[in-house]
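Working notes, beginning with the structure itself.
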Amino acid sequence: MKAIVITEPGGPEVLQLQEVEDPQIKDDEVLIKVEATALNHADIYQRQGSYLPPKGASPYPGLECSGTIISVGKNVSRWKVGDEVCALLSGGGYAEKVAAPAGQVILAPAGVALKDAAAFPEVACTVWSTVFMTSRLSAGETFLVHGGSSGIGTFAIQIAKYYGVKVFVTAGNEEKLEFCKNLGADVCINYKTEDFVARVKEETGGKGVDVILDSIGASYFKRNIDSLNLDGRLFLLGFMEGSVVEVDLKSLFAKRGTVQAAGLRSRSPENKAVIVSNVEKNVWPAITAGNVRPVIDKYFPLSEAAEAHRLMESSKHIGKIVLLA
């Protein structure tokens with residue numbers, strides 16, 4: 001099969017389409033003929049050499065895919081050859097075929113083109129496992145998502161609105177903010193021209209929001225705490241602008257605040273299977289009903305993975321970037 005190989009750590013040019021061995025599936029895995037995969041920031045970090053795949057994972061990038069099952073392991077009962085699915089992966093999505101644990105596979109949502117279904121697994125599992133399963137966001141609460149026009153952000157807006165939440169977003173230009181508003185965001189804040197803490201306080205009568213989802217990290221940490229309501233929850237997905245921060249713990253005490261953090265890729269297959277099952281039960285109905293739709297900025301052929309990475313690194317995109325196998 002063909003796959004995108006990271007020939008050495010570096011810029012987008014190190015991504016090369018090469019002929020490689022087909023994956024060998026284990027007894028509890030399925031082999032998927034990939035229709036499409038979607039980019040995540042983790043792919044860039046892996047390409048740069050700063051985020052290695054978990055032990056036993058495919059060396060090729062790609063944390064999600066959609067496609068058709070072409071083989072099943074002997075312990076797999078739910079899936080059969082010919083099923084159109086999408087899957088959460090630990091790697092290997094940038095390829096024509098990929099092996100996936102059966103518990104990390106979901107039937108492609110009805111009414112969504114198979115190539116577009118690749119945009120869902122990573123964002124759905126990330127947002128549901130953090131904001132809903134861990135931070136317990138619920139109807140009637142307020143929710144701030146930084147980077148509202150990102151893949152995570154555009155999904156989070158839609159699923160939070162579906163569950164009756166008031167949504168605040170930050171983004172860096174008016175085009176992105178308008179897009180977020182059209183997806184259902186209630187309060188759209190340009191972080192380049194506005195102080196998001198002041199705006200959050202203004203819009204909540206001085207209280208703050210109940211849940212914040214952030215991947216910026218250190219540079220936003222104090223302001224995020226200042227933006228929390230009593231009993232508020234800050235969930236950290238990453239630390240794009242620093243991982244070391246000094247914090248006055250009195251501010252957390254005053255808010256009765258909770259700070260939570262987790263990634264997705266490094267979780268055990270058992271834990272991922274629980275998340276995927278929850279997503280199928282709680283998110284997939286919103287997708288099939290048309291309340292949550294895939295937001296895709298651009299499609300590239302697999303051979304143009306380098307160009308796709310350049311687009312992601314430019315931050316000019318809105319939503320997901322998809323590679324077609």
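Ordering of the structure tokens sets the chain letters (A, B, ...), residue numbers begin anew at 1 in every chain, and ligands are numbered from 1 in the order given.
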| message | Which of region 110-309 of chain A end up as alpha helix (DSSP H) when DSSP is run on this backbone - answer as a ChimeraX atom specification? | response | /A:114-117,121-127,151-162,174-183,196-203,218-226,249-255,269-282,284-288,305-309
| field | Non-local contacts of Val295 (chain A) (9 Å; only C-alpha atoms; under 5 positions in same chain excluded) as a list of chain:residue names | value | A:Asp116, A:Ala119, A:Gly151, A:Thr154, A:Phe155, A:Ile318, A:Gly319, A:Lys320, A:Ile321
| query | Just how far from CA of Val85 (chain A) is CA of Ile32 (chain A), in Å to one decimal? | reply |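 One can read the CA of Ile32 (chain A) to CA of Val85 (chain A) distance as 8.3 Å.
For the residues A:Gly232, A:Trp128, A:Gly82, A:Ile157, ranking by smallest atom-to-atom distance to Val279 (chain A) using only C-alpha atoms places A:Trp128 first.
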| task | Return the single residue from A:Val131, A:Leu89, A:Ala124, A:Leu15 that is closest to Leu31 (chain A), with distances computed using only C-alpha atoms. | result |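 Going through A:Val131, A:Leu89, A:Ala124, A:Leu15 one by one, the smallest distance to Leu31 (chain A) is for A:Leu89.
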| said: Please determine, counting only C-alpha atoms, which residue among A:Leu323, A:Leu39, A:Val283, A:Val34 has the shortest atom-to-atom distance to Cys125 (chain A). | reply: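 Looking at the shortest contact to Cys125 (chain A), the residue is A:Val283.
All residues of protein, DNA or RNA that reach within 8 Å of Ser227 (chain A), judged by only C-alpha atoms and not counting those fewer than 5 positions away in the chain, are Val197, Val200, Lys201, Gly208 and Val209 of chain A.
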Tell me which protein, DNA and RNA residues are within 9 Å of region 248-253 of chain A, counting only C-alpha atoms, leaving out same-chain ones fewer than 6 positions away, and put them as a JSON list (two decimals) with all heavy atoms, in the first residue's frame.
[["chain", "number", "residue", "atom", "x", "y", "z"],
["A", 222, "LYS", "N", -3.95, 32.16, 33.74],
["A", 222, "LYS", "CA", -4.49, 33.07, 34.76],
["A", 222, "LYS", "C", -5.80, 33.71, 34.28],
["A", 222, "LYS", "O", -6.77, 33.82, 35.05],
["A", 222, "LYS", "CB", -3.47, 34.15, 35.09],
["A", 222, "LYS", "CG", -3.93, 35.09, 36.20],
["A", 222, "LYS", "CD", -2.90, 36.16, 36.51],
["A", 222, "LYS", "CE", -3.35, 37.04, 37.67],
["A", 222, "LYS", "NZ", -4.63, 37.71, 37.41],
["A", 225, "ILE", "N", -8.66, 31.27, 34.59],
["A", 225, "ILE", "CA", -9.14, 31.16, 35.97],
["A", 225, "ILE", "C", -10.02, 32.38, 36.30],
["A", 225, "ILE", "O", -11.10, 32.25, 36.89],
["A", 225, "ILE", "CB", -7.97, 31.07, 36.97],
["A", 225, "ILE", "CG1", -7.11, 29.81, 36.70],
["A", 225, "ILE", "CG2", -8.49, 31.05, 38.42],
["A", 225, "ILE", "CD1", -7.82, 28.50, 36.82],
["A", 226, "ASP", "N", -9.57, 33.56, 35.88],
["A", 226, "ASP", "CA", -10.35, 34.78, 36.13],
["A", 226, "ASP", "C", -11.71, 34.75, 35.43],
["A", 226, "ASP", "O", -12.63, 35.46, 35.84],
["A", 226, "ASP", "CB", -9.57, 36.02, 35.65],
["A", 226, "ASP", "CG", -8.36, 36.33, 36.51],
["A", 226, "ASP", "OD1", -8.28, 35.78, 37.63],
["A", 226, "ASP", "OD2", -7.49, 37.10, 36.06],
["A", 259, "VAL", "N", -9.27, 22.41, 37.76],
["A", 259, "VAL", "CA", -8.44, 22.39, 36.55],
["A", 259, "VAL", "C", -8.23, 20.94, 36.15],
["A", 259, "VAL", "O", -7.80, 20.11, 36.97],
["A", 259, "VAL", "CB", -7.09, 23.09, 36.77],
["A", 259, "VAL", "CG1", -6.24, 23.02, 35.50],
["A", 259, "VAL", "CG2", -7.29, 24.54, 37.19]]
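Taking only C-alpha atoms into account, Val72 (chain A) lies nearest to A:Glu29 out of the set A:Asp43, A:Glu84, A:Glu29, A:Glu175.
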| Those in region 81-228 of chain A with strand (DSSP E) from DSSP, as a PyMOL selection string | chain A and resi 84-88+97-101+105-107+142-146+166-171+187-190+209-214+228
| note | The residue from A:Ile44, A:Ala185, A:Leu63, A:Leu213 with the smallest atom-to-atom distance to His309 (chain A), counting only C-alpha atoms, is A:Ile44
| request: Write out as a PyMOL selection string which residues come within 9 Å of Ile287 (chain A) when counting only C-alpha atoms, dropping same-chain ones fewer than 3 positions away. | output: chain A and resi 109-112+283-284+290-294
Residue subset to file, keeping N, CA and C atoms, as an mmCIF file, in the first residue's frame:
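The file below, result23.cif, is the result:
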data_model
loop_
_atom_site.group_PDB
_atom_site.id
_atom_site.type_symbol
_atom_site.label_atom_id
_atom_site.label_comp_id
_atom_site.auth_asym_id
_atom_site.auth_seq_id
_atom_site.Cartn_x
_atom_site.Cartn_y
_atom_site.Cartn_z
ATOM 1 N N PRO A 109 -21.778 7.845 10.075
ATOM 2 C CA PRO A 109 -23.117 8.386 10.339
ATOM 3 C C PRO A 109 -23.950 8.501 9.063
ATOM 4 N N ALA A 110 -25.198 8.094 9.153
ATOM 5 C CA ALA A 110 -26.114 8.174 8.016
ATOM 6 C C ALA A 110 -26.269 9.623 7.591
ATOM 7 N N GLY A 111 -26.315 9.843 6.287
ATOM 8 C CA GLY A 111 -26.526 11.176 5.762
ATOM 9 C C GLY A 111 -25.266 12.006 5.607
ATOM 10 N N VAL A 112 -24.112 11.425 5.968
ATOM 11 C CA VAL A 112 -22.833 12.118 5.819
ATOM 12 C C VAL A 112 -21.981 11.357 4.820
ATOM 13 N N VAL A 283 -23.451 11.477 20.644
ATOM 14 C CA VAL A 283 -23.097 12.442 19.597
ATOM 15 C C VAL A 283 -23.653 12.037 18.239
ATOM 16 N N TRP A 284 -23.560 10.753 17.921
ATOM 17 C CA TRP A 284 -23.979 10.293 16.584
ATOM 18 C C TRP A 284 -25.431 10.644 16.266
ATOM 19 N N GLY A 290 -28.734 15.881 11.651
ATOM 20 C CA GLY A 290 -28.346 17.094 10.939
ATOM 21 C C GLY A 290 -28.080 18.294 11.837
ATOM 22 N N ASN A 291 -28.113 18.086 13.164
ATOM 23 C CA ASN A 291 -27.836 19.188 14.092
ATOM 24 C C ASN A 291 -26.347 19.495 14.222
ATOM 25 N N VAL A 292 -25.524 18.508 13.958
ATOM 26 C CA VAL A 292 -24.064 18.684 13.951
ATOM 27 C C VAL A 292 -23.569 18.233 12.587
ATOM 28 N N ARG A 293 -22.849 19.121 11.911
ATOM 29 C CA ARG A 293 -22.385 18.780 10.563
ATOM 30 C C ARG A 293 -20.857 18.867 10.493
ATOM 31 N N PRO A 294 -20.265 18.138 9.568
ATOM 32 C CA PRO A 294 -18.814 18.258 9.409
ATOM 33 C C PRO A 294 -18.454 19.623 8.843
#
| Counting only C-alpha atoms, what is within 10 Å of Glu304 (chain A), bar same-chain residues fewer than 6 positions away, as a ChimeraX atom specification? | /A:4,12-13,15-17,323-324
| task | Show which residues sit within 9 Å of Val169 (chain A), as a VMD selection string. Count only C-alpha atoms, and ignore same-chain residues fewer than 2 positions away. | result | chain A and resid 143 to 149 153 157 167 171 177 180 to 181 185 to 190
| field | Point-to-point distance in Å for CA of Ser71 (chain A) and CA of Ala42 (chain A) | value |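 Atom-to-atom, CA of Ala42 (chain A) and CA of Ser71 (chain A) are spaced 27.9 Å apart.
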| task | Would you mind reading off the distance between CA of Leu311 (chain A) and CA of Phe196 (chain A), one decimal, in Å? | result | 26.6 Å
| field | Which residue of A:Asp231, A:Glu8, A:Asp83, A:Glu246 approaches Arg47 (chain A) most closely, using only C-alpha atoms | value |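 That would be A:Glu8, the residue with the smallest distance to Arg47 (chain A).
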